[in-house]
Amino acid sequence: MANNKKKNLTPVQQEYQQFQSEREVKRPVVKNCIKAFFVGGLICLIGQFIQTFFIYNFDFTEQTAGNPTVAVMIFIAMLLTGFGVYDRLAQFAGAGSAVPVTGFGNAVISAAIEHRSEGLILGVGGNMFKLAGSVIMSGVFAAFIVALIKTLLIQWGAL
Amino acid sequence: MKKIMTGILMLAYLLGCQAGGNEETQEMNEPMQMASNNKLNQAVSEQADRSLRNKNNLTDVQVVNDDKQLLIAAQIPHNERLHMKRIEKDLTKQAEEKFPKYQVTLSLDKKIHLEVMKLKKKMAEGTIDRKKLSKELDRLIKLSKEKT
């Protein structure tokens with residue numbers, strides 16, 4: 001906790017803070033990073049295989065093969081979430097399974113499963129994009145800002 | 001923790017920026033032998049192949065042409081893929097200067113490279129005529145310009 005916040009606490013609270021920080025289990029941050037690095041890399045490797053498959057077997061170039069690859073990766077992650085496999089993977093890998101696009105599929109389906117008991121429309125339909133909605137919104141907004149900057153740069157002749 | 005993260009970021013940055021520096025001499029694949037078929041004159045392609053290979057650091061070049069169009073599919077060393085756009089521009093300029101009579105299309109895409117190799121194999125076997133070649137070239141050029 002930041003020092004300026006600590007000053008507002010009573011002595012008992014400060015003592016408790018001290019007590020707690022001594023006993024709290026330290027997070028193995030470096031270990032988590034390494035796990036996330038390798039599992040995330042593995043997911044990307046699978047994605048690369050799928051992309052190469054599309055390039056070799058269908059009429060997709062390196063430029064255009066990205067779209068079907070993303071769709072297939074999300075679909076696989078959705079299936080694995082439904083079967084309960086992705087949760088175990090996420091437990092082990094943490095950010096390594098949440099940051100790649102497969103994490104998006106997991107976020108959609110896990111929310112849908114969670115709210116299944118509330119009905120199909122208000123439960124599943126209403127809550128499916130509870131977390132993924134913010135991802136989509138941020139993505140669209142970021143794309144808008146980048147496009148705006150690019151347009152301005154082109155207008156000024158910098159690009 | 002912050003220091004470790006800063007260290008990793010610095011390392012990634014330094015390693016990433018070094019990629020353009022080292023030039024390796026790549027083993028050059030010889031141009032594929034073409035059947036001497038008068039209908040499909042590929043002399044221009046062979047000339048383009050040789051001149052591009054000699055001047056640039058490329059892992060492979062495959063070229064086909066018909067009467068008007070020249071399609072070049074080149075592959076660059078993996079560590080130079082970061083500068084793909086610039087390299088593509090340079091190579092296109094070189095080819096256009098050398099063959100002003102042809103409409104030059106240059107692609108560094110893997111798919112175009114694969115398709116051009118298939119096309120050349122068909123030509124070597126003699127299973128494709130001039131009309132089909134032009135049609136196939138049009139298709140590949142269209143494919144190489146696709147964005148989405």
# chains A, B, ... in the order shown; residues from 1 in each chain; ligands from 1
>>> closest_atom_pairs(of="chain B", to="chain A", cutoff="10 Å", atoms="only C-alpha atoms", output="Markdown table")
| residue | atom | partner | partner_atom | distance |
| --- | --- | --- | --- | --- |
| B:Met1 | CA | A:Val29 | CA | 8.5 |
| B:Ile4 | CA | A:Val30 | CA | 9.2 |
| B:Met5 | CA | A:Val30 | CA | 9.8 |
| B:Leu108 | CA | A:Glu62 | CA | 9.5 |
| B:Asp109 | CA | A:Glu62 | CA | 6.1 |
| B:Lys110 | CA | A:Glu62 | CA | 6.6 |
| B:Lys111 | CA | A:Thr61 | CA | 5.1 |
| B:Ile112 | CA | A:Thr61 | CA | 7.2 |
| B:His113 | CA | A:Thr61 | CA | 9.9 |
| B:Leu114 | CA | A:Tyr56 | CA | 8.0 |
| B:Glu115 | CA | A:Tyr56 | CA | 9.4 |
| B:Leu140 | CA | A:Asp59 | CA | 9.9 |
| B:Leu143 | CA | A:Thr61 | CA | 7.4 |
| B:Ser144 | CA | A:Thr61 | CA | 7.2 |
| B:Lys145 | CA | A:Gln63 | CA | 9.4 |
| B:Glu146 | CA | A:Thr64 | CA | 7.3 |
| B:Lys147 | CA | A:Thr64 | CA | 6.2 |
| B:Thr148 | CA | A:Thr64 | CA | 5.2 |
>>> write_last_selection(atoms="C-alpha atoms", output="PDB file, in the first residue's frame")
ATOM      1  CA  MET B   1      10.514  -6.622  -9.981  1.00  0.00           C
ATOM      2  CA  ILE B   4      13.697  -7.152 -14.032  1.00  0.00           C
ATOM      3  CA  MET B   5      10.809  -6.059 -16.239  1.00  0.00           C
ATOM      4  CA  LEU B 108       7.156 -11.687 -51.220  1.00  0.00           C
ATOM      5  CA  ASP B 109       4.164 -13.742 -50.155  1.00  0.00           C
ATOM      6  CA  LYS B 110       4.625 -17.444 -49.492  1.00  0.00           C
ATOM      7  CA  LYS B 111       1.370 -18.353 -51.225  1.00  0.00           C
ATOM      8  CA  ILE B 112       2.301 -16.579 -54.468  1.00  0.00           C
ATOM      9  CA  HIS B 113       5.697 -18.285 -54.367  1.00  0.00           C
ATOM     10  CA  LEU B 114       4.033 -21.683 -54.002  1.00  0.00           C
ATOM     11  CA  GLU B 115       1.562 -21.015 -56.797  1.00  0.00           C
ATOM     12  CA  LEU B 140      -2.254 -14.873 -59.192  1.00  0.00           C
ATOM     13  CA  LEU B 143      -4.569 -12.882 -55.397  1.00  0.00           C
ATOM     14  CA  SER B 144      -1.334 -11.065 -54.556  1.00  0.00           C
ATOM     15  CA  LYS B 145      -3.196  -7.762 -54.311  1.00  0.00           C
ATOM     16  CA  GLU B 146      -5.910  -9.048 -51.983  1.00  0.00           C
ATOM     17  CA  LYS B 147      -5.907  -7.384 -48.583  1.00  0.00           C
ATOM     18  CA  THR B 148      -8.726  -9.001 -46.636  1.00  0.00           C
TER      19      THR B 148
END
>>> select_by_dssp(residues="range 88-131 of chain B", states="strand (DSSP E)", output="VMD selection string")
chain B and resid 103 to 107
>>> write_last_selection(atoms="N, CA and C atoms", output="mmCIF file, in the first residue's frame")
data_model
loop_
_atom_site.group_PDB
_atom_site.id
_atom_site.type_symbol
_atom_site.label_atom_id
_atom_site.label_comp_id
_atom_site.auth_asym_id
_atom_site.auth_seq_id
_atom_site.Cartn_x
_atom_site.Cartn_y
_atom_site.Cartn_z
ATOM 1 N N GLN B 103 4.381 -5.273 -67.476
ATOM 2 C CA GLN B 103 3.682 -4.828 -66.269
ATOM 3 C C GLN B 103 4.155 -5.731 -65.131
ATOM 4 N N VAL B 104 5.012 -5.173 -64.265
ATOM 5 C CA VAL B 104 5.674 -6.001 -63.259
ATOM 6 C C VAL B 104 4.837 -6.088 -61.982
ATOM 7 N N THR B 105 4.653 -7.322 -61.490
ATOM 8 C CA THR B 105 4.045 -7.513 -60.167
ATOM 9 C C THR B 105 5.029 -8.321 -59.346
ATOM 10 N N LEU B 106 5.385 -7.787 -58.179
ATOM 11 C CA LEU B 106 6.330 -8.511 -57.327
ATOM 12 C C LEU B 106 5.682 -8.801 -55.986
ATOM 13 N N SER B 107 5.851 -10.032 -55.526
ATOM 14 C CA SER B 107 5.264 -10.389 -54.239
ATOM 15 C C SER B 107 6.266 -11.187 -53.415
#
>>> atom_distance(atom1="CA of Ala142 in chain A", atom2="CA of Lys130 in chain A")
19.1 Å
>>> residues_around(residues="range 59-74 of chain B", least_positions_apart="5", cutoff="8 Å", atoms="only C-alpha atoms", output="number ranges by chain")
B: 26-29, 31, 40-42, 44-46, 48-49, 52-53, 101-109, 112-113, 116-117, 120, 130, 133-134, 137, 141
>>> write_last_selection(atoms="N, CA and C atoms", output="mmCIF file, in the first residue's frame")
data_model
loop_
_atom_site.group_PDB
_atom_site.id
_atom_site.type_symbol
_atom_site.label_atom_id
_atom_site.label_comp_id
_atom_site.auth_asym_id
_atom_site.auth_seq_id
_atom_site.Cartn_x
_atom_site.Cartn_y
_atom_site.Cartn_z
ATOM 1 N N GLN B 26 23.367 -16.541 -48.723
ATOM 2 C CA GLN B 26 22.441 -17.664 -48.832
ATOM 3 C C GLN B 26 22.826 -18.551 -50.003
ATOM 4 N N GLU B 27 22.548 -19.825 -49.806
ATOM 5 C CA GLU B 27 22.785 -20.757 -50.889
ATOM 6 C C GLU B 27 21.765 -20.480 -51.990
ATOM 7 N N MET B 28 22.265 -20.252 -53.175
ATOM 8 C CA MET B 28 21.342 -19.878 -54.248
ATOM 9 C C MET B 28 20.797 -21.126 -54.945
ATOM 10 N N ASN B 29 19.491 -21.157 -55.058
ATOM 11 C CA ASN B 29 18.913 -22.248 -55.830
ATOM 12 C C ASN B 29 19.006 -21.862 -57.303
ATOM 13 N N PRO B 31 17.886 -21.495 -61.111
ATOM 14 C CA PRO B 31 16.571 -21.360 -61.735
ATOM 15 C C PRO B 31 16.111 -22.693 -62.311
ATOM 16 N N LEU B 40 5.657 -20.718 -75.113
ATOM 17 C CA LEU B 40 5.767 -20.034 -73.824
ATOM 18 C C LEU B 40 7.192 -19.545 -73.639
ATOM 19 N N ASN B 41 7.478 -18.404 -74.187
ATOM 20 C CA ASN B 41 8.826 -17.867 -74.119
ATOM 21 C C ASN B 41 9.084 -17.276 -72.728
ATOM 22 N N GLN B 42 9.998 -17.894 -72.005
ATOM 23 C CA GLN B 42 10.263 -17.444 -70.635
ATOM 24 C C GLN B 42 11.647 -16.820 -70.488
ATOM 25 N N VAL B 44 12.537 -13.730 -70.643
ATOM 26 C CA VAL B 44 12.478 -12.541 -69.782
ATOM 27 C C VAL B 44 12.476 -12.961 -68.320
ATOM 28 N N SER B 45 11.727 -14.006 -68.034
ATOM 29 C CA SER B 45 11.658 -14.485 -66.659
ATOM 30 C C SER B 45 13.018 -14.934 -66.158
ATOM 31 N N GLU B 46 13.719 -15.681 -67.025
ATOM 32 C CA GLU B 46 15.032 -16.167 -66.603
ATOM 33 C C GLU B 46 16.002 -15.017 -66.377
ATOM 34 N N ALA B 48 15.170 -11.932 -65.501
ATOM 35 C CA ALA B 48 14.762 -11.254 -64.264
ATOM 36 C C ALA B 48 15.234 -12.046 -63.052
ATOM 37 N N ASP B 49 15.068 -13.361 -63.136
ATOM 38 C CA ASP B 49 15.502 -14.259 -62.069
ATOM 39 C C ASP B 49 16.984 -14.043 -61.757
ATOM 40 N N LEU B 52 17.869 -10.396 -60.357
ATOM 41 C CA LEU B 52 17.417 -10.157 -58.980
ATOM 42 C C LEU B 52 18.233 -10.961 -57.974
ATOM 43 N N ARG B 53 18.550 -12.192 -58.345
ATOM 44 C CA ARG B 53 19.351 -13.039 -57.454
ATOM 45 C C ARG B 53 20.726 -12.433 -57.219
ATOM 46 N N LYS B 101 8.923 -2.661 -70.482
ATOM 47 C CA LYS B 101 7.853 -3.037 -71.422
ATOM 48 C C LYS B 101 6.794 -3.907 -70.748
ATOM 49 N N TYR B 102 7.149 -4.482 -69.606
ATOM 50 C CA TYR B 102 6.218 -5.415 -68.952
ATOM 51 C C TYR B 102 5.548 -4.756 -67.758
ATOM 52 N N GLN B 103 4.381 -5.273 -67.476
ATOM 53 C CA GLN B 103 3.682 -4.828 -66.269
ATOM 54 C C GLN B 103 4.155 -5.731 -65.131
ATOM 55 N N VAL B 104 5.012 -5.173 -64.265
ATOM 56 C CA VAL B 104 5.674 -6.001 -63.259
ATOM 57 C C VAL B 104 4.837 -6.088 -61.982
ATOM 58 N N THR B 105 4.653 -7.322 -61.490
ATOM 59 C CA THR B 105 4.045 -7.513 -60.167
ATOM 60 C C THR B 105 5.029 -8.321 -59.346
ATOM 61 N N LEU B 106 5.385 -7.787 -58.179
ATOM 62 C CA LEU B 106 6.330 -8.511 -57.327
ATOM 63 C C LEU B 106 5.682 -8.801 -55.986
ATOM 64 N N SER B 107 5.851 -10.032 -55.526
ATOM 65 C CA SER B 107 5.264 -10.389 -54.239
ATOM 66 C C SER B 107 6.266 -11.187 -53.415
ATOM 67 N N LEU B 108 6.286 -10.911 -52.119
ATOM 68 C CA LEU B 108 7.156 -11.687 -51.220
ATOM 69 C C LEU B 108 6.324 -12.712 -50.452
ATOM 70 N N ASP B 109 5.086 -12.869 -50.876
ATOM 71 C CA ASP B 109 4.164 -13.742 -50.155
ATOM 72 C C ASP B 109 4.465 -15.217 -50.434
ATOM 73 N N ILE B 112 2.024 -16.902 -53.059
ATOM 74 C CA ILE B 112 2.301 -16.579 -54.468
ATOM 75 C C ILE B 112 3.507 -17.392 -54.929
ATOM 76 N N HIS B 113 4.503 -17.500 -54.054
ATOM 77 C CA HIS B 113 5.697 -18.285 -54.367
ATOM 78 C C HIS B 113 5.321 -19.732 -54.664
ATOM 79 N N VAL B 116 3.408 -19.948 -58.001
ATOM 80 C CA VAL B 116 4.272 -19.753 -59.173
ATOM 81 C C VAL B 116 5.101 -21.010 -59.416
ATOM 82 N N MET B 117 5.550 -21.646 -58.326
ATOM 83 C CA MET B 117 6.312 -22.891 -58.493
ATOM 84 C C MET B 117 5.449 -23.977 -59.151
ATOM 85 N N LYS B 120 5.080 -23.167 -62.801
ATOM 86 C CA LYS B 120 6.292 -23.454 -63.566
ATOM 87 C C LYS B 120 6.442 -24.958 -63.809
ATOM 88 N N ARG B 130 -0.725 -21.110 -73.778
ATOM 89 C CA ARG B 130 -0.539 -19.674 -73.601
ATOM 90 C C ARG B 130 -1.758 -18.990 -72.972
ATOM 91 N N LEU B 133 -2.090 -19.887 -69.367
ATOM 92 C CA LEU B 133 -1.026 -19.231 -68.597
ATOM 93 C C LEU B 133 -1.423 -17.795 -68.262
ATOM 94 N N SER B 134 -1.931 -17.092 -69.278
ATOM 95 C CA SER B 134 -2.344 -15.704 -69.053
ATOM 96 C C SER B 134 -3.454 -15.629 -68.011
ATOM 97 N N LEU B 137 -1.977 -16.301 -64.623
ATOM 98 C CA LEU B 137 -1.212 -15.129 -64.187
ATOM 99 C C LEU B 137 -2.144 -14.047 -63.651
ATOM 100 N N ILE B 141 -2.015 -12.558 -59.882
ATOM 101 C CA ILE B 141 -1.783 -11.128 -59.640
ATOM 102 C C ILE B 141 -2.915 -10.549 -58.799
#
>>> residues_around(residues="Asn32 in chain A", least_positions_apart="4", cutoff="10 Å", atoms="only C-alpha atoms", output="JSON, numbers by chain")
{"A": [27, 28, 36, 37, 92, 93, 94, 95, 96]}
>>> write_last_selection(atoms="N, CA and C atoms", output="JSON list (two decimals), in the first residue's frame")
[["chain", "number", "residue", "atom", "x", "y", "z"],
["A", 27, "ARG", "N", 3.77, -14.10, -4.38],
["A", 27, "ARG", "CA", 3.41, -14.63, -5.70],
["A", 27, "ARG", "C", 4.69, -14.99, -6.46],
["A", 28, "PRO", "N", 4.75, -16.18, -7.07],
["A", 28, "PRO", "CA", 5.94, -16.53, -7.86],
["A", 28, "PRO", "C", 5.88, -15.86, -9.23],
["A", 36, "ALA", "N", 3.66, -18.58, -18.54],
["A", 36, "ALA", "CA", 2.81, -17.87, -19.50],
["A", 36, "ALA", "C", 3.51, -17.75, -20.84],
["A", 37, "PHE", "N", 4.82, -17.49, -20.80],
["A", 37, "PHE", "CA", 5.60, -17.34, -22.03],
["A", 37, "PHE", "C", 5.53, -18.61, -22.87],
["A", 92, "PHE", "N", -3.02, -23.26, -15.00],
["A", 92, "PHE", "CA", -1.57, -23.47, -15.06],
["A", 92, "PHE", "C", -0.88, -22.27, -15.70],
["A", 93, "ALA", "N", -1.41, -21.79, -16.83],
["A", 93, "ALA", "CA", -0.65, -20.83, -17.63],
["A", 93, "ALA", "C", -0.96, -19.37, -17.33],
["A", 94, "GLY", "N", -2.11, -19.09, -16.71],
["A", 94, "GLY", "CA", -2.46, -17.70, -16.40],
["A", 94, "GLY", "C", -2.57, -16.86, -17.65],
["A", 95, "ALA", "N", -1.79, -15.77, -17.69],
["A", 95, "ALA", "CA", -1.87, -14.82, -18.81],
["A", 95, "ALA", "C", -1.53, -15.47, -20.14],
["A", 96, "GLY", "N", -0.75, -16.53, -20.10],
["A", 96, "GLY", "CA", -0.36, -17.21, -21.34],
["A", 96, "GLY", "C", -1.55, -17.74, -22.10]]
>>> closest_residue(among="A:Ile145, A:Pro68, A:Ile74, A:Lys26", to="Gly103 in chain A", atoms="only C-alpha atoms")
A:Ile74
>>> select_by_dssp(residues="range 27-98 of chain A", states="alpha helix (DSSP H)", output="JSON, numbers by chain")
{"A": [29, 30, 31, 32, 33, 34, 35, 36, 37, 38, 39, 40, 41, 42, 43, 44, 45, 46, 47, 48, 49, 50, 51, 52, 53, 54, 55, 56, 57, 66, 67, 68, 69, 70, 71, 72, 73, 74, 75, 76, 77, 78, 79, 80, 81, 82, 83, 85, 86, 87, 88, 89, 90, 91, 92, 93, 95, 96, 97, 98]}
>>> atom_distance(atom1="CA of Lys132 in chain B", atom2="CA of Gln75 in chain B")
25.3 Å
>>> atom_distance(atom1="CA of Ala95 in chain B", atom2="CA of His83 in chain B")
18.4 Å
